[in-house]
Amino acid sequence: MDWIAPYLLGWSFAFALITAAELLLPRGPERIGNRLAGLGFWALWLPVSALVHAGYQHLWHWLGVAPLVVLPLDFTWTGIAAVVLAPLAGALVYDFFFYWCHRAQHRWLWRYHAVHHAIRDLNAVNAYHHISEPLLQAVLILLPTSLIVSDTGQSAAAMVVLLHLHASYIHSPVRFGFGPVGRLFVDNRYHRIHHSLEERHFDRNFAAFTPLWDWLFGTIWFPRRGEWPAVGLAEADQPRDLREWLTLPWRPRAPQEEPAAPLRPQDRAAAASG
Ligand SMILES: [Zn+2]
Ligand SMILES: [Zn+2]
C-alpha cells in the first residue's frame with residue numbers, strides 16, 4: 001500500500017507538467033477554467049483506482065493465485081530490463097485489454113462512453129469519463145491485467161511517472177507530437193483522431209499506449225501532417241454540470257435539424273429507435 005502516495009503524486013506531477021505545456025504551447029485559445037470538471041473527476045477516481053489495484057493484488061495473494069508474469073521491478077533483473085522493459089511490457093498488456101474494452105464500449109456501451117466523446121474542451125485534465133466507465137474498466141482491464149502481470153516494487157518510479165505523463169498527454173492539445181516515434185507510441189495527434197467529428201475517423205485508433213493493437217486488428221488511422229480535427233459529438237454537447245454528467249447517457253439525444261457534423265452509427269441507431 002505504500003505505493004499509493006507515489007501513485008497519486010505521479011499523476012499530480014503529470015497533470016501539472018502537461019497543463020503547463022498546454023499553456024506554453026497552445027494550439028488555440030486556452031481557458032484554465034475548462035479543467036475544473038476534469039480535476040473533480042480525477043480527485044474521485046485516482047484514489048479509488050489505486051485501491052482497486054491494491055485490492056486485486058491482495059485478493060490473488062490471499063487466494064494463492066500467482067500472476068502469470070511477475071515483473072521484476074525490484075531489480076531481480078538488472079539495469080535497463082528492470083527499469084525500462086518491465087514497465088513497458090506491463091503497459092503493453094494493459095493496453096491490449098484497454099483496446100478490447102474500448103471496442104466493447106463503442107459497440108455495446110456507447111451511451112456511457114459517449115460522455116467521454118462529448119467533451120469539446122479536450123485537454124490532459126479535462127478528459128473525464130462517465131462514472132460507470134472506470135468501474136467497467138476495473139473489471140475488464142485491471143482484473144485481467146493483474147492476473148497476467150504484477151509489479152513487485154517501485155524501483156522504476158521514473159518510468160511509472162513517464163507512463164502517467166503519456167496517459168495524460170494523449171488528450172492534450174499541446175503543440176508537440178512524437179514524429180516518427182508516433183508509429184510506436186500513441187501521441188496526442190493519434191488519439192485526437194479517435195475523438196474526431198469527421199465520419200472517416202469514427203471507430204479508429206482505440207489503443208491508448210501503442211498503435212500496435214489498432215494495426216493488428218484493423219482499426220488504425222495514422223494522422224496525416226497537420227491533421228487535427230475538431231472533437232465532440234454532433235448531437236450532444238459536453239456536460240455543463242454534475243447532473244448533466246451523471247444523466248447524459250439517458251438523455252434523449254435527438255439530432256438537430258441540421259447537425260453540425262455527421263452522426264456516429266451508434267447515435268444514428270439510437271435516434272432511429274426514438
Ligand atoms: Zn472511445
Ligand atoms: Zn479519449
# chains A, B, ... in the order shown; residues from 1 in each chain; ligands from 1
call {"tool": "residues_around", "arguments": {"residues": "Leu39 (chain A)", "least_positions_apart": "3", "cutoff": "12 Å", "atoms": "only C-alpha atoms", "output": "list in words"}}
result
Trp11, Ser12, Phe15, Ala16, Thr19, Ile32, Gly33, Asn34, Arg35, Leu36, Trp42, Ala43, Leu44, Trp45, Leu46, Asn123, Ala124, Val125, Asn126, Ala127, Tyr128 and His129 of chain A
call {"tool": "residues_near_ligand", "arguments": {"ligand": "ligand 2", "cutoff": "10 Å", "atoms": "only C-alpha atoms and all ligand atoms", "output": "ChimeraX atom specification"}}
result
/A:102,113,116-117,119,122-124,127-129,167-168,170-172,188,191-195,205-208
call {"tool": "write_last_selection", "arguments": {"atoms": "N, CA and C atoms", "output": "compact mmCIF listing (two decimals), in the first residue's frame"}}
result
# COMPACT_ATOMS: atom_id res chain seq x y z
N HIS A 102 -12.37 -0.97 -24.88
CA HIS A 102 -12.74 0.24 -25.60
C HIS A 102 -13.63 -0.10 -26.80
N HIS A 113 -20.04 5.64 -22.82
CA HIS A 113 -18.75 6.11 -23.35
C HIS A 113 -18.92 7.44 -24.09
N HIS A 116 -17.52 10.65 -22.55
CA HIS A 116 -16.10 10.99 -22.79
C HIS A 116 -15.94 11.65 -24.17
N HIS A 117 -16.69 11.13 -25.14
CA HIS A 117 -16.57 11.69 -26.50
C HIS A 117 -17.29 13.03 -26.66
N ILE A 119 -16.91 15.59 -24.84
CA ILE A 119 -16.06 16.69 -24.40
C ILE A 119 -15.49 17.44 -25.61
N LEU A 122 -11.17 19.44 -24.92
CA LEU A 122 -10.38 18.28 -24.53
C LEU A 122 -8.97 18.71 -24.17
N ASN A 123 -8.52 18.33 -22.99
CA ASN A 123 -7.11 18.54 -22.62
C ASN A 123 -6.71 17.48 -21.60
N ALA A 124 -5.46 17.55 -21.13
CA ALA A 124 -4.93 16.47 -20.30
C ALA A 124 -5.80 16.22 -19.07
N ALA A 127 -10.36 15.24 -19.38
CA ALA A 127 -10.62 14.06 -20.21
C ALA A 127 -11.32 13.03 -19.33
N TYR A 128 -12.41 13.46 -18.71
CA TYR A 128 -13.12 12.59 -17.77
C TYR A 128 -14.01 11.60 -18.50
N HIS A 129 -14.52 10.65 -17.74
CA HIS A 129 -15.46 9.65 -18.26
C HIS A 129 -16.74 9.69 -17.44
N ALA A 167 -0.10 8.92 -20.48
CA ALA A 167 -1.55 8.70 -20.43
C ALA A 167 -2.31 10.02 -20.40
N SER A 168 -1.75 11.04 -19.73
CA SER A 168 -2.50 12.30 -19.72
C SER A 168 -2.21 13.12 -20.98
N ILE A 170 -2.03 12.13 -24.08
CA ILE A 170 -2.73 11.78 -25.33
C ILE A 170 -4.01 12.59 -25.54
N HIS A 171 -4.57 13.20 -24.48
CA HIS A 171 -5.75 14.06 -24.66
C HIS A 171 -5.38 15.53 -24.75
N SER A 172 -4.10 15.83 -24.67
CA SER A 172 -3.67 17.23 -24.60
C SER A 172 -3.64 17.89 -25.98
N ASN A 188 -0.67 12.62 -29.08
CA ASN A 188 -1.94 13.34 -28.95
C ASN A 188 -2.64 13.49 -30.30
N HIS A 191 -4.58 10.09 -30.87
CA HIS A 191 -5.81 9.91 -30.08
C HIS A 191 -6.85 10.97 -30.45
N ARG A 192 -6.41 12.13 -30.95
CA ARG A 192 -7.34 13.16 -31.41
C ARG A 192 -8.25 12.60 -32.51
N ILE A 193 -7.67 11.77 -33.38
CA ILE A 193 -8.44 11.14 -34.46
C ILE A 193 -9.59 10.33 -33.85
N HIS A 194 -9.32 9.66 -32.74
CA HIS A 194 -10.37 8.83 -32.10
C HIS A 194 -11.55 9.69 -31.64
N HIS A 195 -11.28 10.95 -31.27
CA HIS A 195 -12.34 11.83 -30.76
C HIS A 195 -12.94 12.70 -31.87
N ASN A 205 -8.47 4.06 -34.04
CA ASN A 205 -7.48 4.39 -33.00
C ASN A 205 -7.99 4.17 -31.58
N PHE A 206 -8.32 2.92 -31.28
CA PHE A 206 -8.84 2.58 -29.95
C PHE A 206 -7.72 2.48 -28.90
N ALA A 207 -6.51 2.16 -29.34
CA ALA A 207 -5.43 1.93 -28.37
C ALA A 207 -4.98 3.25 -27.74
N ALA A 208 -4.46 3.18 -26.52
CA ALA A 208 -4.03 4.39 -25.82
C ALA A 208 -2.52 4.42 -25.59
call {"tool": "select_by_dssp", "arguments": {"residues": "region 209-244 of chain A", "states": "alpha helix (DSSP H)", "output": "number ranges by chain"}}
result
A: 212-216, 242-244
call {"tool": "closest_atom_pairs", "arguments": {"of": "region 91-155 of chain A", "to": "region 212-226 of chain A", "cutoff": "9 Å", "atoms": "only C-alpha atoms", "output": "JSON lines"}}
result
{"residue": "A:Asp95", "atom": "CA", "partner": "A:Trp213", "partner_atom": "CA", "distance": 8.1}
{"residue": "A:Phe96", "atom": "CA", "partner": "A:Trp213", "partner_atom": "CA", "distance": 6.7}
{"residue": "A:Tyr99", "atom": "CA", "partner": "A:Trp213", "partner_atom": "CA", "distance": 7.1}
call {"tool": "write_last_selection", "arguments": {"atoms": "N, CA and C atoms", "output": "PDB file, in the first residue's frame"}}
result
ATOM      1  N   ASP A  95      -2.635  -2.259 -22.308  1.00  0.00           N
ATOM      2  CA  ASP A  95      -3.217  -1.638 -23.497  1.00  0.00           C
ATOM      3  C   ASP A  95      -3.987  -2.647 -24.344  1.00  0.00           C
ATOM      4  N   PHE A  96      -3.579  -3.911 -24.329  1.00  0.00           N
ATOM      5  CA  PHE A  96      -4.315  -4.952 -25.057  1.00  0.00           C
ATOM      6  C   PHE A  96      -5.743  -5.068 -24.503  1.00  0.00           C
ATOM      7  N   TYR A  99      -7.713  -1.922 -25.234  1.00  0.00           N
ATOM      8  CA  TYR A  99      -8.182  -1.897 -26.626  1.00  0.00           C
ATOM      9  C   TYR A  99      -9.522  -2.626 -26.755  1.00  0.00           C
TER      10      TYR A  99
END
call {"tool": "closest_residue", "arguments": {"among": "A:Leu142, A:Ala118, A:Leu88, A:Ala230", "to": "ligand 1", "atoms": "only C-alpha atoms and all ligand atoms"}}
result
A:Ala118
call {"tool": "atom_distance", "arguments": {"atom1": "CA of Val161 (chain A)", "atom2": "CA of Ala91 (chain A)"}}
result
12.4 Å
call {"tool": "select_by_dssp", "arguments": {"residues": "region 113-256 of chain A", "states": "strand (DSSP E or B)", "output": "PDB file with N, CA, C and O atoms, in the first residue's frame"}}
result
ATOM      1  N   VAL A 149       0.230  -9.661 -15.276  1.00  0.00           N
ATOM      2  CA  VAL A 149       1.472  -9.013 -14.835  1.00  0.00           C
ATOM      3  C   VAL A 149       1.262  -8.421 -13.452  1.00  0.00           C
ATOM      4  O   VAL A 149       0.209  -7.928 -13.122  1.00  0.00           O
ATOM      5  N   SER A 150       2.299  -8.504 -12.663  1.00  0.00           N
ATOM      6  CA  SER A 150       2.244  -7.885 -11.345  1.00  0.00           C
ATOM      7  C   SER A 150       3.598  -7.266 -11.064  1.00  0.00           C
ATOM      8  O   SER A 150       4.634  -7.879 -11.283  1.00  0.00           O
ATOM      9  N   ASP A 151       3.579  -6.019 -10.606  1.00  0.00           N
ATOM     10  CA  ASP A 151       4.859  -5.422 -10.248  1.00  0.00           C
ATOM     11  C   ASP A 151       5.116  -5.689  -8.775  1.00  0.00           C
ATOM     12  O   ASP A 151       4.202  -5.875  -7.984  1.00  0.00           O
ATOM     13  N   SER A 196     -12.510  12.489 -33.103  1.00  0.00           N
ATOM     14  CA  SER A 196     -12.862  13.391 -34.203  1.00  0.00           C
ATOM     15  C   SER A 196     -14.366  13.429 -34.500  1.00  0.00           C
ATOM     16  O   SER A 196     -15.089  12.457 -34.303  1.00  0.00           O
ATOM     17  N   VAL A 231     -13.307  18.060 -32.213  1.00  0.00           N
ATOM     18  CA  VAL A 231     -13.743  16.876 -31.469  1.00  0.00           C
ATOM     19  C   VAL A 231     -15.079  17.141 -30.776  1.00  0.00           C
ATOM     20  O   VAL A 231     -15.508  18.282 -30.643  1.00  0.00           O
TER      21      VAL A 231
END
call {"tool": "closest_residue", "arguments": {"among": "A:Leu263, A:Ile4, A:His61, A:His130", "to": "Arg243 (chain A)", "atoms": "only C-alpha atoms"}}
result
A:His130
call {"tool": "atom_distance", "arguments": {"atom1": "CA of Asp267 (chain A)", "atom2": "CA of Trp100 (chain A)"}}
result
20.5 Å
call {"tool": "closest_residue", "arguments": {"among": "A:Leu233, A:Val139, A:Leu59, A:Val52", "to": "ligand 1", "atoms": "only C-alpha atoms and all ligand atoms"}}
result
A:Leu233
call {"tool": "closest_residue", "arguments": {"among": "A:Gln105, A:Gln57, A:Ser146, A:Ser49", "to": "ligand 1", "atoms": "only C-alpha atoms and all ligand atoms"}}
result
A:Gln105
call {"tool": "closest_residue", "arguments": {"among": "A:Phe185, A:Phe209, A:Trp110, A:Trp245", "to": "ligand 1", "atoms": "only C-alpha atoms and all ligand atoms"}}
result
A:Trp110
call {"tool": "closest_residue", "arguments": {"among": "A:Ile148, A:Ala261, A:Ala158, A:Cys101", "to": "ligand 1", "atoms": "only C-alpha atoms and all ligand atoms"}}
result
A:Cys101
call {"tool": "residues_around", "arguments": {"residues": "Ala14 (chain A)", "least_positions_apart": "3", "cutoff": "7 Å", "atoms": "only C-alpha atoms", "output": "PyMOL selection string"}}
result
chain A and resi 10-11+17-18+164-165+168
call {"tool": "write_last_selection", "arguments": {"atoms": "all heavy atoms", "output": "JSON list (two decimals), in the first residue's frame"}}
result
[["chain", "number", "residue", "atom", "x", "y", "z"],
["A", 10, "GLY", "N", 2.56, 10.97, -8.63],
["A", 10, "GLY", "CA", 2.97, 10.82, -10.03],
["A", 10, "GLY", "C", 1.93, 11.42, -10.97],
["A", 10, "GLY", "O", 2.25, 12.14, -11.91],
["A", 11, "TRP", "N", 0.66, 11.11, -10.71],
["A", 11, "TRP", "CA", -0.41, 11.64, -11.56],
["A", 11, "TRP", "C", -0.50, 13.16, -11.43],
["A", 11, "TRP", "O", -0.66, 13.87, -12.43],
["A", 11, "TRP", "CB", -1.75, 11.01, -11.19],
["A", 11, "TRP", "CG", -2.00, 9.76, -11.95],
["A", 11, "TRP", "CD1", -1.92, 8.49, -11.48],
["A", 11, "TRP", "CD2", -2.34, 9.65, -13.34],
["A", 11, "TRP", "NE1", -2.20, 7.59, -12.49],
["A", 11, "TRP", "CE2", -2.46, 8.27, -13.63],
["A", 11, "TRP", "CE3", -2.55, 10.58, -14.36],
["A", 11, "TRP", "CZ2", -2.79, 7.80, -14.90],
["A", 11, "TRP", "CZ3", -2.87, 10.10, -15.63],
["A", 11, "TRP", "CH2", -2.98, 8.73, -15.89],
["A", 17, "LEU", "N", 2.58, 19.18, -15.15],
["A", 17, "LEU", "CA", 3.58, 19.41, -16.21],
["A", 17, "LEU", "C", 2.89, 19.60, -17.56],
["A", 17, "LEU", "O", 3.22, 20.52, -18.32],
["A", 17, "LEU", "CB", 4.53, 18.21, -16.25],
["A", 17, "LEU", "CG", 5.83, 18.44, -16.99],
["A", 17, "LEU", "CD1", 6.71, 19.42, -16.22],
["A", 17, "LEU", "CD2", 6.58, 17.12, -17.18],
["A", 18, "ILE", "N", 1.90, 18.75, -17.86],
["A", 18, "ILE", "CA", 1.26, 18.84, -19.19],
["A", 18, "ILE", "C", 0.38, 20.08, -19.26],
["A", 18, "ILE", "O", 0.29, 20.72, -20.31],
["A", 18, "ILE", "CB", 0.49, 17.56, -19.50],
["A", 18, "ILE", "CG1", 1.53, 16.43, -19.54],
["A", 18, "ILE", "CG2", -0.25, 17.67, -20.82],
["A", 18, "ILE", "CD1", 1.12, 15.21, -20.21],
["A", 164, "HIS", "N", 2.47, 7.69, -16.70],
["A", 164, "HIS", "CA", 1.38, 8.59, -16.31],
["A", 164, "HIS", "C", 1.37, 9.84, -17.19],
["A", 164, "HIS", "O", 0.32, 10.31, -17.63],
["A", 164, "HIS", "CB", 1.52, 9.02, -14.85],
["A", 164, "HIS", "CG", 1.27, 7.90, -13.88],
["A", 164, "HIS", "ND1", 1.51, 8.02, -12.54],
["A", 164, "HIS", "CD2", 0.81, 6.65, -14.08],
["A", 164, "HIS", "CE1", 1.19, 6.89, -11.94],
["A", 164, "HIS", "NE2", 0.79, 6.03, -12.86],
["A", 165, "LEU", "N", 2.57, 10.37, -17.44],
["A", 165, "LEU", "CA", 2.69, 11.54, -18.30],
["A", 165, "LEU", "C", 2.10, 11.24, -19.67],
["A", 165, "LEU", "O", 1.35, 12.02, -20.24],
["A", 165, "LEU", "CB", 4.17, 11.91, -18.47],
["A", 165, "LEU", "CG", 4.74, 12.99, -17.56],
["A", 165, "LEU", "CD1", 6.24, 13.11, -17.78],
["A", 165, "LEU", "CD2", 4.07, 14.33, -17.83],
["A", 168, "SER", "N", -1.75, 11.04, -19.73],
["A", 168, "SER", "CA", -2.50, 12.30, -19.72],
["A", 168, "SER", "C", -2.21, 13.12, -20.98],
["A", 168, "SER", "O", -3.07, 13.86, -21.44],
["A", 168, "SER", "CB", -2.23, 13.14, -18.46],
["A", 168, "SER", "OG", -1.03, 12.85, -17.88]]
